[in-house]
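Report on one structure; see the data block that follows.
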Amino acid sequence: MSDLESTHPLLLQPSEELGALRIIKRLATGGYGAIYLAETQTRGTVALKFALEGPSDDDEARVDARTQREARLLMHLDHPNVVELLGYLRWPDVRRGYLYLIMDYVEGPTLSRWADSPQATPRRATEVFASLALTLDAIHREGVVHRDLKGSNIIIRASDGQPVVVDFGSGDHACAPTLTEDRLPPGTPSYRSPEALRFWMGPRIPGSRYRFVPTDDLYSLGLVFHEVLTGGFPYRAHLPPSALLASIESAELKPPSVLNPRVPPVLDAIVLRLLSKHAVGRYPTGAELCGALSAALEQADSTWDVPLFPPRPPHEAITEEDEALFDGDEEAREFRQWMRREDRAGAGSDTSPPGTPPTEPGVPWRSWLRRRMRVLSDALRPWRKRDD
């Protein structure tokens with residue numbers, strides 16, 4: 001049995017050595033890759049992102065090609081708020097092995113987790129998103145689009161509180177080769193723009209592809225901003241594409257300050273413009289979005305320094321999201337985080353959970369929702385793995 005047949009990135013164990021790198025632990029697993037924390041003798045800790053398929057002649061070669069493209073995208077970007085690529089290699093064979101990226105390890109919580117902390121005040125949230133707006137502006141000026149912006153792909157760096165955009169595995173560059181045809185770009189379906197969903201649902205023209213542009217990224221950023229400010233989506237999100245588009249088209253968006261009175265009303269117009277159902281209604285660039293957020297900050301008073309949400313009850317202080325208890329299933333963790341955001345948003349929120357709630361007496365809401373969790377997570381998996 002060859003090395004490639006007997007080894008796989010998901011089998012890597014703590015203390016295992018890859019040349020000068022020593023594995024510490026697995027950090028996350030997604031549809032295309034696995035991320036490990038490792039240490040080096042010269043630089044300290046780094047993050048390793050492995051493609052879960054090696055180069056081959058079958059369809060799975062796309063996974064390897066996508067990881068190569070992520071490396072090329074990151075080489076185009078030199079920005080303090082974008083994860084730094086240090087190099088890339090193959091393992092265990094230098095020519096035929098699994099490709100992995102060596103990246104700077106950004107220590108800190110994801111934006112989704114940070115949003116549940118007392119540090120998430122209106123002032124800090126607005127500062128974070130102003131920084132993200134400028135980061136997107138720089139990325140877009142380099143001809144790069146991220147195509148999968150969400151809270152779990154943004155890390156709040158512990159050393160300075162700055163947001164860092166990570167995971168460009170779904171990203172694209174103006175000069176990058178096309179990997180597949182007749183499909184939407186990869187990414188998380190619930191964060192797609194309405195125009196991307198309209199393309200998906202429209203007539204299929206052979207050879208046509210959806211052209212992802214900066215306003216698609218800005219729409220995704222608007223959804224993340226809405227989540228941070230209110231604790232939930234502005235409409236039902238975890239749905240198949242046709243139902244998701246119908247949910248977006250029919251939604252009458254409530255201002256964030258109505259959903260959460262701790263949100264300053266001056267932010268309402270910014271969020272609602274980002275979530276415009278048509279690209280022409282949004283900010284055209286991250287720079288213009290940053291200008292609007294900076295102008296809002298000039299009006300800040302002491303109410304902007306109150307946490308966006310009250311502290312959790314003591315019995316919720318320890319959860320399955322603690323790193324010591326994390327099992328590496330990133331998709332399942334995202335769904336658990338969504339469940340808790342639904343609880344935080346309250347019964348009056350528009351972010352109703354997927355499916356039909358129980359109507360028979362004696363069926364607890366959370367028990368029903370927990371039973372649905374695994375079924376829905378499995379159902380969403382094919383949509384998350386669609387290629388462009």
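We label chains A, B, ... in the order they appear in the structure tokens, count residues from 1 in each chain, and number ligands from 1 in the order shown.
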
Do you have, as JSON lines, the list of residues of stretch 55-91 of chain A lying at most 10 Å from stretch 31-41 of chain A, each with its nearest atom pair and that distance in Å to one decimal, counting only C-alpha atoms and ordered by chain then number?
```
{"residue": "A:Arg62", "atom": "CA", "partner": "A:Tyr32", "partner_atom": "CA", "distance": 9.7}
{"residue": "A:Val63", "atom": "CA", "partner": "A:Tyr32", "partner_atom": "CA", "distance": 6.3}
{"residue": "A:Asp64", "atom": "CA", "partner": "A:Tyr32", "partner_atom": "CA", "distance": 8.9}
{"residue": "A:Arg66", "atom": "CA", "partner": "A:Tyr32", "partner_atom": "CA", "distance": 8.6}
{"residue": "A:Thr67", "atom": "CA", "partner": "A:Tyr32", "partner_atom": "CA", "distance": 8.4}
```

**Item:** Nearby residues (only C-alpha atoms) at most 8 Å from A:Pro264, same-chain spacing under 6 positions excluded, as number ranges by chain
**Value:** A: 122, 257, 304

Output N, CA and C atoms for every residue in the selection just made, as a PDB file, in the first residue's frame.
```pdb
ATOM      1  N   PRO A 122     -22.075  48.588  20.393  1.00  0.00           N
ATOM      2  CA  PRO A 122     -22.316  49.250  19.108  1.00  0.00           C
ATOM      3  C   PRO A 122     -21.078  49.971  18.568  1.00  0.00           C
ATOM      4  N   SER A 257     -32.570  48.509  14.882  1.00  0.00           N
ATOM      5  CA  SER A 257     -32.887  49.110  16.182  1.00  0.00           C
ATOM      6  C   SER A 257     -34.268  48.712  16.683  1.00  0.00           C
ATOM      7  N   TRP A 304     -23.437  53.968  23.119  1.00  0.00           N
ATOM      8  CA  TRP A 304     -22.729  53.100  22.174  1.00  0.00           C
ATOM      9  C   TRP A 304     -21.739  52.169  22.870  1.00  0.00           C
TER      10      TRP A 304
END
```

**Asked** Do you have the atom CA of A:Gly232-atom CA of A:His140 distance handy?
**Response**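 Here the two named atoms are 27.1 Å from each other.
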
Please report as a Markdown table every residue of stretch 27-74 of chain A lying within 8 Å of stretch 5-17 of chain A, along with the nearest atom pair and their distance in Å (one decimal), using only C-alpha atoms.
```
| residue | atom | partner | partner_atom | distance |
| --- | --- | --- | --- | --- |
| A:Ala34 | CA | A:Leu10 | CA | 7.0 |
| A:Phe50 | CA | A:Pro9 | CA | 6.5 |
| A:Ala51 | CA | A:Pro9 | CA | 7.8 |
| A:Leu52 | CA | A:Pro9 | CA | 6.5 |
```

**Asked** Can you tell me how far atom CA of A:Arg236 sits from atom CA of A:Thr215, in Å to one decimal?
**Response** 21.3 Å

**Request:** Please identify all polymer residues within 6 Å of A:Gly108, counting only C-alpha atoms, omitting same-chain residues fewer than 3 positions from it, and present them as a ChimeraX atom specification.
**Result:** /A:156-158

Would you mind exporting the chosen residues as a PDB file, in the first residue's frame, restricted to C-alpha atoms?
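As written to disk, result-v7.pdb reads:
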```pdb
ATOM      1  CA  ILE A 156     -11.071  39.169  15.855  1.00  0.00           C
ATOM      2  CA  ARG A 157      -7.311  39.214  16.467  1.00  0.00           C
ATOM      3  CA  ALA A 158      -6.619  38.968  20.185  1.00  0.00           C
TER       4      ALA A 158
END
```

**Message:** Run DSSP on the backbone and tell me which residues of stretch 53-202 of chain A come out as helix (DSSP H, G or I); list them as a ChimeraX atom specification.
**Reply:** /A:61-76,111-114,122-141,151-153,189-191,194-201

Using C-alpha atoms, can you write the selected residues to a file as a PDB file, in the first residue's frame?
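again-v7.pdb written:
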```
ATOM      1  CA  ALA A  61      -9.086  17.092  -8.677  1.00  0.00           C
ATOM      2  CA  ARG A  62     -11.172  20.282  -8.330  1.00  0.00           C
ATOM      3  CA  VAL A  63     -10.479  20.249  -4.582  1.00  0.00           C
ATOM      4  CA  ASP A  64      -6.731  20.282  -5.200  1.00  0.00           C
ATOM      5  CA  ALA A  65      -7.097  22.929  -7.910  1.00  0.00           C
ATOM      6  CA  ARG A  66      -9.193  25.092  -5.606  1.00  0.00           C
ATOM      7  CA  THR A  67      -6.525  24.959  -2.897  1.00  0.00           C
ATOM      8  CA  GLN A  68      -3.915  25.970  -5.476  1.00  0.00           C
ATOM      9  CA  ARG A  69      -6.108  28.888  -6.474  1.00  0.00           C
ATOM     10  CA  GLU A  70      -6.493  29.948  -2.831  1.00  0.00           C
ATOM     11  CA  ALA A  71      -2.704  30.067  -2.554  1.00  0.00           C
ATOM     12  CA  ARG A  72      -2.454  32.241  -5.665  1.00  0.00           C
ATOM     13  CA  LEU A  73      -5.170  34.583  -4.390  1.00  0.00           C
ATOM     14  CA  LEU A  74      -3.408  35.077  -1.069  1.00  0.00           C
ATOM     15  CA  MET A  75      -0.143  35.801  -2.892  1.00  0.00           C
ATOM     16  CA  HIS A  76      -1.947  38.755  -4.535  1.00  0.00           C
ATOM     17  CA  LEU A 111     -16.620  37.231  14.726  1.00  0.00           C
ATOM     18  CA  SER A 112     -19.640  34.998  15.453  1.00  0.00           C
ATOM     19  CA  ARG A 113     -18.293  34.112  18.892  1.00  0.00           C
ATOM     20  CA  TRP A 114     -17.045  37.629  19.592  1.00  0.00           C
ATOM     21  CA  PRO A 122     -22.316  49.250  19.108  1.00  0.00           C
ATOM     22  CA  ARG A 123     -19.132  51.338  19.015  1.00  0.00           C
ATOM     23  CA  ARG A 124     -16.771  48.362  18.709  1.00  0.00           C
ATOM     24  CA  ALA A 125     -19.033  46.570  16.230  1.00  0.00           C
ATOM     25  CA  THR A 126     -19.144  49.659  14.015  1.00  0.00           C
ATOM     26  CA  GLU A 127     -15.362  50.061  14.236  1.00  0.00           C
ATOM     27  CA  VAL A 128     -14.889  46.399  13.314  1.00  0.00           C
ATOM     28  CA  PHE A 129     -17.144  46.682  10.269  1.00  0.00           C
ATOM     29  CA  ALA A 130     -15.542  49.941   9.174  1.00  0.00           C
ATOM     30  CA  SER A 131     -12.216  48.100   9.177  1.00  0.00           C
ATOM     31  CA  LEU A 132     -13.769  45.186   7.279  1.00  0.00           C
ATOM     32  CA  ALA A 133     -15.187  47.617   4.716  1.00  0.00           C
ATOM     33  CA  LEU A 134     -11.724  49.033   4.034  1.00  0.00           C
ATOM     34  CA  THR A 135     -10.291  45.520   3.883  1.00  0.00           C
ATOM     35  CA  LEU A 136     -12.858  44.505   1.279  1.00  0.00           C
ATOM     36  CA  ASP A 137     -12.114  47.660  -0.672  1.00  0.00           C
ATOM     37  CA  ALA A 138      -8.423  46.716  -0.799  1.00  0.00           C
ATOM     38  CA  ILE A 139      -9.215  43.117  -1.762  1.00  0.00           C
ATOM     39  CA  HIS A 140     -11.582  44.187  -4.535  1.00  0.00           C
ATOM     40  CA  ARG A 141      -9.080  46.690  -5.941  1.00  0.00           C
ATOM     41  CA  GLY A 151     -18.936  35.352  10.847  1.00  0.00           C
ATOM     42  CA  SER A 152     -16.893  32.158  11.041  1.00  0.00           C
ATOM     43  CA  ASN A 153     -14.541  33.399   8.280  1.00  0.00           C
ATOM     44  CA  PRO A 189     -26.069  29.400   0.355  1.00  0.00           C
ATOM     45  CA  SER A 190     -27.751  31.540   3.028  1.00  0.00           C
ATOM     46  CA  TYR A 191     -25.181  34.323   2.468  1.00  0.00           C
ATOM     47  CA  PRO A 194     -30.449  37.881  -4.294  1.00  0.00           C
ATOM     48  CA  GLU A 195     -29.000  38.406  -7.778  1.00  0.00           C
ATOM     49  CA  ALA A 196     -26.877  35.247  -7.428  1.00  0.00           C
ATOM     50  CA  LEU A 197     -29.962  33.270  -6.418  1.00  0.00           C
ATOM     51  CA  ARG A 198     -31.928  34.756  -9.327  1.00  0.00           C
ATOM     52  CA  PHE A 199     -29.215  33.550 -11.687  1.00  0.00           C
ATOM     53  CA  TRP A 200     -29.349  30.100 -10.131  1.00  0.00           C
ATOM     54  CA  MET A 201     -33.124  29.908 -10.529  1.00  0.00           C
TER      55      MET A 201
END
```

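Omitting A:Pro307 and its sequence neighbours fewer than 2 positions away, and counting only C-alpha atoms, the residues within 10 Å are Ala115, Asp116, Ser117, Pro118, Gln119, Ala120, Thr121, Pro122, Arg123, Arg124, Ala125, Arg262, Val263, Thr303, Trp304, Asp305, Phe309, Pro310 and Pro311 of chain A.
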